[in-house]
>>> print(open('work08.tsv').read())   # TSV, C-alpha atoms
chain	number	residue	atom	x	y	z
A	1	MET	CA	-30.28	-36.84	-26.90
A	2	PRO	CA	-32.45	-38.20	-24.06
A	3	SER	CA	-36.24	-38.45	-24.32
A	4	THR	CA	-36.60	-35.24	-22.28
A	5	ALA	CA	-34.59	-33.21	-24.84
A	6	GLY	CA	-36.63	-30.40	-26.32
A	7	GLN	CA	-39.32	-30.87	-23.65
A	8	VAL	CA	-40.25	-28.73	-20.68
A	9	ILE	CA	-39.11	-30.52	-17.50
A	10	LYS	CA	-41.04	-30.19	-14.25
A	11	CYS	CA	-38.83	-30.45	-11.17
A	12	LYS	CA	-38.27	-29.11	-7.67
A	13	ALA	CA	-36.49	-25.83	-7.05
A	14	ALA	CA	-35.87	-23.71	-3.96
A	15	VAL	CA	-37.46	-20.36	-4.82
A	16	ALA	CA	-36.72	-17.08	-3.04
A	17	TRP	CA	-39.98	-15.16	-3.23
A	18	GLU	CA	-38.73	-12.16	-1.28
A	19	ALA	CA	-35.58	-10.82	0.35
A	20	GLY	CA	-34.44	-12.54	3.52
A	21	LYS	CA	-37.40	-14.95	3.70
A	22	PRO	CA	-36.85	-18.73	3.81
A	23	LEU	CA	-36.65	-20.42	0.40
A	24	VAL	CA	-39.71	-22.42	-0.63
A	25	ILE	CA	-39.45	-25.78	-2.42
A	26	GLU	CA	-41.73	-25.40	-5.45
A	27	GLU	CA	-42.48	-27.35	-8.61
A	28	VAL	CA	-41.04	-25.31	-11.47
A	29	GLU	CA	-41.09	-25.73	-15.21
A	30	VAL	CA	-37.66	-25.63	-16.85
A	31	ALA	CA	-37.70	-24.84	-20.57
A	32	PRO	CA	-35.31	-26.63	-22.95
A	33	PRO	CA	-32.02	-24.91	-23.79
A	34	GLU	CA	-31.96	-22.40	-26.64
A	35	ALA	CA	-29.01	-21.93	-29.02
A	36	GLY	CA	-25.71	-21.87	-27.17
A	37	GLU	CA	-27.24	-23.15	-23.93
A	38	VAL	CA	-27.12	-26.34	-21.88
A	39	ARG	CA	-29.65	-27.92	-19.54
A	40	LEU	CA	-28.03	-29.56	-16.53
A	41	LYS	CA	-29.34	-32.02	-13.99
A	42	ILE	CA	-27.87	-30.71	-10.74
A	43	LEU	CA	-26.82	-33.47	-8.33
A	44	TYR	CA	-25.02	-31.43	-5.67
A	45	THR	CA	-24.89	-27.73	-4.93
A	46	SER	CA	-23.29	-25.74	-2.13
A	47	LEU	CA	-24.05	-22.43	-0.48
A	48	CYS	CA	-21.69	-19.51	-0.97
A	49	HIS	CA	-21.80	-16.22	0.93
A	50	THR	CA	-22.63	-14.44	-2.35
A	51	ASP	CA	-25.96	-16.30	-2.46
A	52	VAL	CA	-26.75	-15.12	1.07
A	53	TYR	CA	-25.72	-11.53	0.28
A	54	PHE	CA	-28.06	-11.24	-2.71
A	55	TRP	CA	-30.84	-13.17	-0.93
A	56	GLU	CA	-30.68	-10.58	1.86
A	57	ALA	CA	-30.76	-7.85	-0.85
A	58	LYS	CA	-28.89	-5.35	1.29
A	59	GLY	CA	-27.35	-2.65	-0.86
A	60	GLN	CA	-28.21	-3.95	-4.32
A	61	THR	CA	-31.22	-3.96	-6.61
A	62	PRO	CA	-33.59	-6.70	-5.38
A	63	LEU	CA	-34.89	-9.09	-8.05
A	64	PHE	CA	-37.50	-11.65	-6.97
A	65	PRO	CA	-38.83	-14.31	-7.31
A	66	ARG	CA	-35.44	-15.86	-8.01
A	67	ILE	CA	-33.60	-19.16	-7.88
A	68	PHE	CA	-30.20	-18.70	-6.26
A	69	GLY	CA	-27.20	-21.04	-6.25
A	70	HIS	CA	-23.97	-20.95	-8.24
A	71	GLU	CA	-21.63	-23.62	-6.84
A	72	ALA	CA	-22.69	-27.00	-8.16
A	73	GLY	CA	-21.93	-30.21	-9.97
A	74	GLY	CA	-24.21	-32.02	-12.37
A	75	ILE	CA	-24.72	-33.93	-15.58
A	76	VAL	CA	-25.59	-32.50	-18.99
A	77	GLU	CA	-29.21	-33.46	-19.81
A	78	SER	CA	-29.44	-31.79	-23.23
A	79	VAL	CA	-27.72	-29.12	-25.30
A	80	GLY	CA	-29.01	-26.34	-27.52
A	81	GLU	CA	-28.16	-25.65	-31.13
A	82	GLY	CA	-24.49	-24.96	-31.85
A	83	VAL	CA	-23.09	-26.46	-28.63
A	84	THR	CA	-20.16	-28.71	-29.55
A	85	HIS	CA	-17.93	-29.02	-26.45
A	86	LEU	CA	-20.63	-30.71	-24.33
A	87	LYS	CA	-22.98	-33.65	-24.88
A	88	PRO	CA	-25.69	-35.36	-22.80
A	89	GLY	CA	-24.16	-37.42	-20.01
A	90	ASP	CA	-21.06	-35.24	-19.56
A	91	HIS	CA	-20.17	-34.40	-15.96
A	92	ALA	CA	-19.93	-30.66	-15.58
A	93	LEU	CA	-19.53	-27.70	-13.25
A	94	PRO	CA	-21.59	-24.57	-13.99
A	95	VAL	CA	-19.73	-21.32	-13.26
A	96	PHE	CA	-20.98	-17.77	-12.58
A	97	THR	CA	-18.56	-16.42	-15.16
A	98	GLY	CA	-17.75	-17.80	-18.58
A	99	GLU	CA	-15.52	-18.24	-21.56
A	100	CYS	CA	-17.03	-17.47	-24.95
A	101	GLY	CA	-13.72	-18.27	-26.65
A	102	GLU	CA	-14.06	-15.42	-29.14
A	103	CYS	CA	-13.52	-12.09	-27.36
A	104	ALA	CA	-10.19	-10.33	-26.73
A	105	HIS	CA	-10.17	-11.50	-23.10
A	106	CYS	CA	-10.74	-15.14	-24.01
A	107	LYS	CA	-8.01	-14.96	-26.66
A	108	SER	CA	-5.59	-13.43	-24.16
A	109	GLU	CA	-3.49	-15.75	-22.01
A	110	GLU	CA	-3.52	-13.07	-19.31
A	111	SER	CA	-7.25	-12.59	-18.76
A	112	ASN	CA	-10.31	-14.60	-17.77
A	113	MET	CA	-12.75	-11.66	-17.92
A	114	CYS	CA	-14.86	-12.70	-20.91
A	115	ASP	CA	-16.66	-9.75	-22.50
A	116	LEU	CA	-19.83	-11.73	-23.14
A	117	LEU	CA	-20.12	-13.91	-20.05
A	118	ARG	CA	-18.45	-12.15	-17.15
A	119	ILE	CA	-20.57	-12.05	-14.00
A	120	ASN	CA	-23.69	-9.87	-14.02
A	121	THR	CA	-25.57	-9.96	-10.71
A	122	ASP	CA	-28.40	-7.71	-11.94
A	123	ARG	CA	-29.36	-9.89	-14.91
A	124	GLY	CA	-32.16	-12.35	-14.16
A	125	VAL	CA	-32.68	-13.63	-17.71
A	126	MET	CA	-30.74	-15.52	-20.37
A	127	ILE	CA	-28.46	-13.58	-22.74
A	128	HIS	CA	-29.82	-15.30	-25.87
A	129	ASP	CA	-33.35	-13.87	-25.76
A	130	SER	CA	-33.69	-11.92	-22.47
A	131	GLN	CA	-36.21	-14.49	-21.21
A	132	THR	CA	-36.14	-16.79	-18.19
A	133	ARG	CA	-36.08	-20.58	-18.56
A	134	PHE	CA	-37.90	-21.05	-15.22
A	135	SER	CA	-41.59	-20.53	-14.60
A	136	ILE	CA	-44.33	-21.49	-12.16
A	137	LYS	CA	-47.80	-21.65	-13.70
A	138	GLY	CA	-46.73	-19.15	-16.35
A	139	GLN	CA	-45.01	-16.75	-13.95
A	140	PRO	CA	-41.34	-16.19	-14.82
A	141	ILE	CA	-38.83	-17.00	-12.08
A	142	TYR	CA	-35.56	-15.10	-12.40
A	143	HIS	CA	-32.08	-16.58	-12.76
A	144	PHE	CA	-29.07	-15.72	-10.60
A	145	VAL	CA	-25.59	-15.11	-12.14
A	146	GLY	CA	-26.55	-17.35	-15.05
A	147	THR	CA	-26.48	-20.56	-12.98
A	148	SER	CA	-29.45	-20.92	-10.54
A	149	THR	CA	-28.32	-24.25	-9.14
A	150	PHE	CA	-30.90	-24.47	-6.33
A	151	SER	CA	-33.04	-26.34	-8.86
A	152	GLU	CA	-32.94	-30.01	-9.87
A	153	TYR	CA	-32.58	-28.84	-13.48
A	154	THR	CA	-31.19	-25.54	-14.70
A	155	VAL	CA	-30.31	-23.91	-18.02
A	156	VAL	CA	-26.88	-22.28	-18.38
A	157	HIS	CA	-24.97	-20.64	-21.24
A	158	ALA	CA	-22.64	-23.32	-22.62
A	159	GLY	CA	-19.65	-20.99	-22.17
A	160	CYS	CA	-20.27	-21.11	-18.40
A	161	VAL	CA	-20.09	-24.90	-18.18
A	162	ALA	CA	-16.81	-26.77	-17.61
A	163	LYS	CA	-16.67	-30.43	-18.62
A	164	VAL	CA	-14.84	-32.43	-15.95
A	165	ASN	CA	-13.48	-35.92	-15.30
A	166	PRO	CA	-16.49	-38.24	-14.77
A	167	ALA	CA	-14.53	-40.14	-12.10
A	168	ALA	CA	-14.35	-37.03	-9.90
A	169	PRO	CA	-16.96	-37.02	-7.09
A	170	LEU	CA	-19.40	-34.20	-7.81
A	171	ASP	CA	-20.26	-33.84	-4.11
A	172	LYS	CA	-16.66	-32.69	-3.50
A	173	ILE	CA	-15.62	-30.87	-6.68
A	174	CYS	CA	-18.81	-28.78	-6.80
A	175	VAL	CA	-17.14	-26.33	-4.36
A	176	LEU	CA	-14.65	-25.42	-7.13
A	177	SER	CA	-17.40	-23.52	-9.01
A	178	CYS	CA	-16.74	-20.32	-7.04
A	179	GLY	CA	-15.08	-19.61	-3.70
A	180	ILE	CA	-12.39	-22.27	-3.54
A	181	CYS	CA	-11.00	-21.47	-6.99
A	182	THR	CA	-11.19	-17.76	-6.23
A	183	GLY	CA	-8.89	-18.07	-3.21
A	184	LEU	CA	-6.71	-20.88	-4.53
A	185	GLY	CA	-6.06	-19.13	-7.83
A	186	ALA	CA	-5.35	-15.79	-6.15
A	187	THR	CA	-2.37	-17.47	-4.52
A	188	VAL	CA	-1.12	-19.98	-7.10
A	189	ASN	CA	-1.91	-18.00	-10.28
A	190	VAL	CA	-1.42	-14.40	-9.17
A	191	ALA	CA	0.65	-14.10	-5.98
A	192	LYS	CA	2.82	-17.10	-6.99
A	193	PRO	CA	4.73	-17.58	-3.72
A	194	LYS	CA	8.02	-19.46	-3.96
A	195	PRO	CA	8.81	-22.54	-1.85
A	196	GLY	CA	10.06	-21.46	1.57
A	197	SER	CA	8.49	-17.99	1.34
A	198	SER	CA	6.16	-16.15	3.72
A	199	VAL	CA	2.51	-15.40	2.93
A	200	ALA	CA	-0.07	-13.38	4.89
A	201	ILE	CA	-3.74	-14.23	4.35
A	202	PHE	CA	-6.23	-11.54	5.37
A	203	GLY	CA	-9.63	-13.06	6.22
A	204	LEU	CA	-10.07	-16.74	7.10
A	205	GLY	CA	-13.47	-17.44	5.59
A	206	ALA	CA	-13.85	-19.97	2.78
A	207	VAL	CA	-11.97	-17.86	0.22
A	208	GLY	CA	-9.14	-17.02	2.63
A	209	LEU	CA	-8.77	-20.67	3.63
A	210	ALA	CA	-8.57	-21.57	-0.07
A	211	ALA	CA	-5.86	-18.92	-0.48
A	212	ALA	CA	-4.01	-20.51	2.45
A	213	GLU	CA	-4.39	-23.92	0.80
A	214	GLY	CA	-2.78	-22.39	-2.29
A	215	ALA	CA	0.14	-21.17	-0.17
A	216	ARG	CA	0.47	-24.65	1.38
A	217	ILE	CA	0.48	-26.30	-2.06
A	218	SER	CA	3.09	-23.77	-3.23
A	219	GLY	CA	5.43	-24.74	-0.41
A	220	ALA	CA	5.31	-21.49	1.59
A	221	SER	CA	6.96	-22.01	4.99
A	222	ARG	CA	5.26	-19.23	6.94
A	223	ILE	CA	1.53	-18.78	6.37
A	224	ILE	CA	0.21	-16.02	8.61
A	225	GLY	CA	-3.56	-15.80	9.06
A	226	VAL	CA	-5.01	-12.38	9.84
A	227	ASP	CA	-8.58	-12.24	11.15
A	228	LEU	CA	-10.66	-10.34	13.70
A	229	VAL	CA	-12.07	-13.64	15.04
A	230	SER	CA	-9.37	-15.52	16.96
A	231	SER	CA	-11.40	-18.76	17.08
A	232	ARG	CA	-10.83	-19.16	13.32
A	233	PHE	CA	-7.15	-19.93	13.79
A	234	GLU	CA	-7.70	-23.51	14.96
A	235	GLU	CA	-9.66	-24.43	11.81
A	236	ALA	CA	-7.15	-22.55	9.63
A	237	LYS	CA	-4.30	-24.81	10.78
A	238	LYS	CA	-5.79	-27.58	8.60
A	239	PHE	CA	-5.15	-25.34	5.57
A	240	GLY	CA	-1.50	-24.67	6.36
A	241	VAL	CA	-1.85	-21.50	8.45
A	242	ASN	CA	0.89	-21.73	11.09
A	243	GLU	CA	0.85	-18.24	12.63
A	244	PHE	CA	-2.05	-15.97	13.53
A	245	VAL	CA	-2.55	-12.25	14.08
A	246	ASN	CA	-5.71	-10.58	15.34
A	247	PRO	CA	-5.44	-6.83	14.63
A	248	LYS	CA	-7.58	-6.15	17.71
A	249	ASP	CA	-4.84	-7.59	19.93
A	250	HIS	CA	-2.38	-4.84	18.96
A	251	ASP	CA	-2.20	-1.09	19.46
A	252	LYS	CA	-0.31	-0.50	16.21
A	253	PRO	CA	-1.40	-1.08	12.58
A	254	VAL	CA	-1.38	-4.78	11.66
A	255	GLN	CA	0.95	-4.12	8.72
A	256	GLN	CA	3.54	-2.89	11.23
A	257	VAL	CA	3.01	-5.97	13.42
A	258	ILE	CA	3.56	-8.26	10.42
A	259	ALA	CA	6.64	-6.32	9.23
A	260	GLU	CA	8.19	-6.74	12.69
A	261	MET	CA	7.36	-10.48	12.73
A	262	THR	CA	8.96	-11.05	9.31
A	263	ASN	CA	12.04	-8.85	9.31
A	264	GLY	CA	10.59	-6.20	7.00
A	265	GLY	CA	7.45	-7.77	5.57
A	266	VAL	CA	6.02	-10.91	4.01
A	267	ASP	CA	6.89	-12.02	0.50
A	268	ARG	CA	3.23	-12.25	-0.52
A	269	ALA	CA	-0.12	-11.14	0.92
A	270	VAL	CA	-3.62	-12.15	-0.21
A	271	GLU	CA	-6.61	-10.08	0.95
A	272	CYS	CA	-9.94	-11.95	1.13
A	273	THR	CA	-12.23	-9.70	3.19
A	274	GLY	CA	-13.47	-6.79	1.09
A	275	SER	CA	-12.49	-4.42	3.92
A	276	ILE	CA	-10.66	-1.42	2.50
A	277	GLN	CA	-8.50	-1.23	5.63
A	278	ALA	CA	-7.48	-4.87	5.16
A	279	MET	CA	-6.61	-4.11	1.53
A	280	VAL	CA	-4.29	-1.28	2.53
A	281	SER	CA	-2.76	-3.38	5.32
A	282	ALA	CA	-2.18	-6.31	2.94
A	283	PHE	CA	-0.31	-4.06	0.52
A	284	GLU	CA	1.69	-2.24	3.16
A	285	CYS	CA	2.75	-5.47	4.94
A	286	VAL	CA	4.66	-6.91	1.97
A	287	HIS	CA	8.44	-6.56	1.80
A	288	ASP	CA	9.95	-3.79	-0.26
A	289	GLY	CA	11.93	-4.88	-3.32
A	290	TRP	CA	9.87	-7.97	-4.14
A	291	GLY	CA	6.64	-8.09	-2.14
A	292	VAL	CA	3.36	-8.74	-3.98
A	293	ALA	CA	-0.13	-8.17	-2.56
A	294	VAL	CA	-3.25	-9.55	-4.25
A	295	LEU	CA	-6.74	-8.18	-3.65
A	296	VAL	CA	-9.61	-10.66	-3.83
A	297	GLY	CA	-12.38	-9.21	-1.63
A	298	VAL	CA	-15.07	-6.98	-3.12
A	299	PRO	CA	-15.13	-3.52	-1.47
A	300	ASN	CA	-18.07	-1.20	-0.92
A	301	LYS	CA	-18.74	0.92	-3.99
A	302	ASP	CA	-17.72	4.19	-2.27
A	303	ASP	CA	-14.39	2.89	-0.93
A	304	ALA	CA	-11.08	4.40	-2.07
A	305	PHE	CA	-7.67	2.77	-1.73
A	306	LYS	CA	-5.17	5.17	-0.15
A	307	THR	CA	-1.49	4.51	0.33
A	308	HIS	CA	1.67	6.56	-0.13
A	309	PRO	CA	3.12	6.31	-3.66
A	310	VAL	CA	6.55	5.64	-2.13
A	311	ASN	CA	5.23	2.16	-1.26
A	312	PHE	CA	5.13	1.47	-5.01
A	313	LEU	CA	8.42	3.23	-5.73
A	314	ASN	CA	10.04	0.92	-3.17
A	315	GLU	CA	9.14	-1.97	-5.48
A	316	ARG	CA	6.04	-3.38	-3.89
A	317	THR	CA	3.44	-4.72	-6.33
A	318	LEU	CA	-0.33	-4.57	-5.98
A	319	LYS	CA	-2.54	-6.88	-8.07
A	320	GLY	CA	-6.21	-7.74	-8.29
A	321	THR	CA	-7.87	-10.96	-9.37
A	322	PHE	CA	-11.24	-12.26	-10.47
A	323	TYR	CA	-12.11	-15.93	-9.92
A	324	GLY	CA	-8.44	-16.65	-9.23
A	325	ASN	CA	-7.56	-15.86	-12.87
A	326	TYR	CA	-9.00	-19.23	-13.92
A	327	LYS	CA	-10.68	-19.49	-17.33
A	328	PRO	CA	-13.67	-21.71	-16.47
A	329	ARG	CA	-13.77	-24.08	-19.45
A	330	THR	CA	-10.01	-24.19	-20.06
A	331	ASP	CA	-8.65	-24.32	-16.51
A	332	LEU	CA	-11.24	-25.94	-14.23
A	333	PRO	CA	-10.63	-29.49	-15.51
A	334	SER	CA	-6.98	-29.27	-14.40
A	335	VAL	CA	-7.98	-27.99	-10.94
A	336	VAL	CA	-10.24	-31.05	-10.62
A	337	GLU	CA	-7.22	-33.21	-11.51
A	338	LYS	CA	-5.22	-31.53	-8.72
A	339	TYR	CA	-7.88	-32.86	-6.35
A	340	MET	CA	-7.92	-36.28	-8.00
A	341	ASN	CA	-4.15	-36.71	-7.62
A	342	GLY	CA	-4.20	-35.67	-3.96
A	343	GLU	CA	-2.45	-32.33	-4.37
A	344	LEU	CA	-5.53	-30.28	-3.47
A	345	GLU	CA	-7.62	-31.27	-0.45
A	346	LEU	CA	-11.33	-30.39	-0.74
A	347	GLU	CA	-12.90	-32.49	2.04
A	348	LYS	CA	-11.74	-30.09	4.75
A	349	PHE	CA	-13.74	-27.24	3.20
A	350	ILE	CA	-16.98	-29.22	3.56
A	351	THR	CA	-18.30	-28.82	7.10
A	352	HIS	CA	-21.99	-29.73	6.65
A	353	THR	CA	-24.28	-31.70	4.33
A	354	VAL	CA	-28.07	-31.36	4.10
A	355	PRO	CA	-30.81	-32.80	1.87
A	356	PHE	CA	-32.39	-30.38	-0.62
A	357	SER	CA	-35.62	-30.36	1.40
A	358	GLU	CA	-33.66	-28.74	4.27
A	359	ILE	CA	-31.79	-26.13	2.20
A	360	ASN	CA	-32.72	-23.37	4.63
A	361	LYS	CA	-30.52	-25.07	7.24
A	362	ALA	CA	-27.53	-24.28	5.01
A	363	PHE	CA	-28.43	-20.58	5.26
A	364	ASP	CA	-28.72	-20.89	9.04
A	365	TYR	CA	-25.27	-22.49	9.32
A	366	MET	CA	-23.68	-19.74	7.24
A	367	LEU	CA	-25.48	-16.87	8.99
A	368	LYS	CA	-24.28	-18.25	12.35
A	369	GLY	CA	-20.72	-18.53	11.02
A	370	GLU	CA	-20.70	-22.29	11.59
A	371	SER	CA	-20.00	-23.51	8.05
A	372	ILE	CA	-17.22	-23.14	5.51
A	373	ARG	CA	-19.18	-24.99	2.85
A	374	CYS	CA	-22.48	-26.85	3.23
A	375	ILE	CA	-23.23	-29.40	0.49
A	376	ILE	CA	-26.89	-29.71	-0.52
A	377	ARG	CA	-27.89	-33.13	-1.89
A	378	MET	CA	-30.43	-32.63	-4.67
A	379	GLY	CA	-33.40	-34.96	-5.06
A	380	GLU	CA	-33.73	-35.52	-1.31
>>> encode(input="work08.tsv", output="structure tokens")
Amino acid sequence: MPSTAGQVIKCKAAVAWEAGKPLVIEEVEVAPPEAGEVRLKILYTSLCHTDVYFWEAKGQTPLFPRIFGHEAGGIVESVGEGVTHLKPGDHALPVFTGECGECAHCKSEESNMCDLLRINTDRGVMIHDSQTRFSIKGQPIYHFVGTSTFSEYTVVHAGCVAKVNPAAPLDKICVLSCGICTGLGATVNVAKPKPGSSVAIFGLGAVGLAAAEGARISGASRIIGVDLVSSRFEEAKKFGVNEFVNPKDHDKPVQQVIAEMTNGGVDRAVECTGSIQAMVSAFECVHDGWGVAVLVGVPNKDDAFKTHPVNFLNERTLKGTFYGNYKPRTDLPSVVEKYMNGELELEKFITHTVPFSEINKAFDYMLKGESIRCIIRMGE
């Protein structure tokens, strides 16, 4: 263990003191990891729309002061009692969901929804003792989805930390911690398009572009992007999207437009918007007999999915996914290898880079719709 093991570490963190207000770089104290926990030195982190959504605190219980951030890459500084799969010096990705290895979900080959460690956006403390590991002059600072990567050091449950190839560049693979795996896995693990097939992607933000990348990797020949912003099509071409539909350009439902374009419907559809109308359209635009639609976006809590049951009886399949069906500890290392062997391209997702001292610029880029992913270089 390093000399800092078991000690409180003082470091810089970007603290959100209140909803929607710029983050403030503060000196925080980071307590050592308790049993089953890991303390990470974060080297690179990136901004995801989920961070912005909870920072704005629109429509959910606000919890401040808080350290946001959940897409990151770092190095294990020290480990708590009972942690065996990680050691100081390991390169690692923290993830907002986890893999305890013991529950029914973790033991199932079909699920990644760990009973103990699945995402909890309301919790601002560690599971072990319901305390925070961050403080400023004795005042607790709350965690976010168990990761809080907008800090030079953070403490994470060991089940939410994936050990990765130390040769992989952390400033690239850090984006796999959330959005890219969510979209990629929705296509390759759940929709499973066959080579030469047709795929419709609803929503061309970061997750939708990752879903398109999954279709490209799978060998789909027609990748149809569906978005209300036509300017997104040009960028989407880099991810394999070769046709584009803007529902606003048509006076009939977009599912009908797509069915006419594809002689009865696409083979697969992946919905990445959270719009209930897009979800229905994605399902209704797949071909009868074999079509599969996968829902990725998170809807409003009062939404209801309505479609005619005959759409199911005509042998269309509707599926949902969480984090692309990847188990963080088990599966993330192999996704990193896909990048290392050139199969998966990550550079094109990264549109901006800023030093940690200018983290608020990353929020500006995302709020203006200018960035897919902005990498934040820690320690600068």
>>> residues_around(input="work08.tsv", residues="Phe322 in chain A", least_positions_apart="4", cutoff="8 Å", atoms="all atoms listed in the file", output="PyMOL selection string")
chain A and resi 112-113+182+296
>>> write_last_selection(input="work08.tsv", atoms="C-alpha atoms", output="CSV table (one decimal), keeping the file's coordinate frame")
chain,number,residue,atom,x,y,z
A,112,ASN,CA,-10.3,-14.6,-17.8
A,113,MET,CA,-12.8,-11.7,-17.9
A,182,THR,CA,-11.2,-17.8,-6.2
A,296,VAL,CA,-9.6,-10.7,-3.8
>>> closest_residue(input="work08.tsv", among="A:Ile276, A:Leu209, A:Ala158, A:Val188", to="Ala35 in chain A", atoms="only C-alpha atoms")
A:Ala158
>>> residues_around(input="work08.tsv", residues="range 8-23 of chain A", least_positions_apart="3", cutoff="7 Å", atoms="all atoms listed in the file", output="ChimeraX atom specification")
/A:26-32,55-57,64-67,150-153,360
>>> write_last_selection(input="work08.tsv", atoms="C-alpha atoms", output="compact mmCIF listing (two decimals), keeping the file's coordinate frame")
# COMPACT_ATOMS: atom_id res chain seq x y z
CA GLU A 26 -41.73 -25.40 -5.45
CA GLU A 27 -42.48 -27.35 -8.61
CA VAL A 28 -41.04 -25.31 -11.47
CA GLU A 29 -41.09 -25.73 -15.21
CA VAL A 30 -37.66 -25.63 -16.85
CA ALA A 31 -37.70 -24.84 -20.57
CA PRO A 32 -35.31 -26.63 -22.95
CA TRP A 55 -30.84 -13.17 -0.93
CA GLU A 56 -30.68 -10.58 1.86
CA ALA A 57 -30.76 -7.85 -0.85
CA PHE A 64 -37.50 -11.65 -6.97
CA PRO A 65 -38.83 -14.31 -7.31
CA ARG A 66 -35.44 -15.86 -8.01
CA ILE A 67 -33.60 -19.16 -7.88
CA PHE A 150 -30.90 -24.47 -6.33
CA SER A 151 -33.04 -26.34 -8.86
CA GLU A 152 -32.94 -30.01 -9.87
CA TYR A 153 -32.58 -28.84 -13.48
CA ASN A 360 -32.72 -23.37 4.63
>>> atom_distance(input="work08.tsv", atom1="CA of Lys361 in chain A", atom2="CA of Glu345 in chain A")
24.9 Å
>>> closest_residue(input="work08.tsv", among="A:Gly265, A:Glu271, A:Asp129, A:Asn314", to="Gly289 in chain A", atoms="only C-alpha atoms")
A:Asn314
>>> closest_residue(input="work08.tsv", among="A:Ile376, A:Val79, A:Val24, A:Ser275", to="Gly297 in chain A", atoms="all atoms listed in the file")
A:Ser275
>>> residues_around(input="work08.tsv", residues="range 2-6 of chain A", least_positions_apart="4", cutoff="10 Å", atoms="only C-alpha atoms", output="PyMOL selection string")
chain A and resi 31-34+39+77-80+88-89
>>> decode(input="work08.tsv", residues="range 251-290 of chain A", atoms="C-alpha atoms", output="CSV table (one decimal), in the first residue's frame")
chain,number,residue,atom,x,y,z
A,251,ASP,CA,-46.9,14.7,-42.4
A,252,LYS,CA,-47.3,11.0,-41.5
A,253,PRO,CA,-46.0,9.1,-38.4
A,254,VAL,CA,-42.2,8.4,-38.7
A,255,GLN,CA,-42.8,4.7,-38.2
A,256,GLN,CA,-44.9,4.7,-41.4
A,257,VAL,CA,-42.1,6.7,-43.2
A,258,ILE,CA,-39.5,4.1,-42.2
A,259,ALA,CA,-41.7,1.2,-43.1
A,260,GLU,CA,-42.1,2.6,-46.6
A,261,MET,CA,-38.4,3.2,-46.9
A,262,THR,CA,-37.5,-0.4,-45.9
A,263,ASN,CA,-40.2,-2.5,-47.6
A,264,GLY,CA,-42.2,-3.2,-44.4
A,265,GLY,CA,-39.9,-2.1,-41.6
A,266,VAL,CA,-36.3,-2.2,-40.3
A,267,ASP,CA,-34.9,-5.4,-38.8
A,268,ARG,CA,-33.8,-3.6,-35.6
A,269,ALA,CA,-34.6,-0.3,-33.9
A,270,VAL,CA,-32.8,1.3,-30.9
A,271,GLU,CA,-34.5,4.2,-29.1
A,272,CYS,CA,-32.1,6.6,-27.3
A,273,THR,CA,-34.3,9.7,-26.5
A,274,GLY,CA,-36.5,9.0,-23.5
A,275,SER,CA,-39.5,10.4,-25.5
A,276,ILE,CA,-42.5,8.1,-25.2
A,277,GLN,CA,-43.5,8.9,-28.8
A,278,ALA,CA,-40.1,7.9,-30.0
A,279,MET,CA,-40.4,4.6,-28.1
A,280,VAL,CA,-43.7,3.8,-29.7
A,281,SER,CA,-42.4,4.7,-33.1
A,282,ALA,CA,-39.2,2.6,-32.7
A,283,PHE,CA,-41.4,-0.4,-31.8
A,284,GLU,CA,-43.9,0.1,-34.6
A,285,CYS,CA,-41.2,0.7,-37.3
A,286,VAL,CA,-39.7,-2.8,-37.0
A,287,HIS,CA,-40.6,-5.5,-39.5
A,288,ASP,CA,-43.3,-8.0,-38.5
A,289,GLY,CA,-42.0,-11.6,-38.2
A,290,TRP,CA,-38.6,-10.8,-36.9
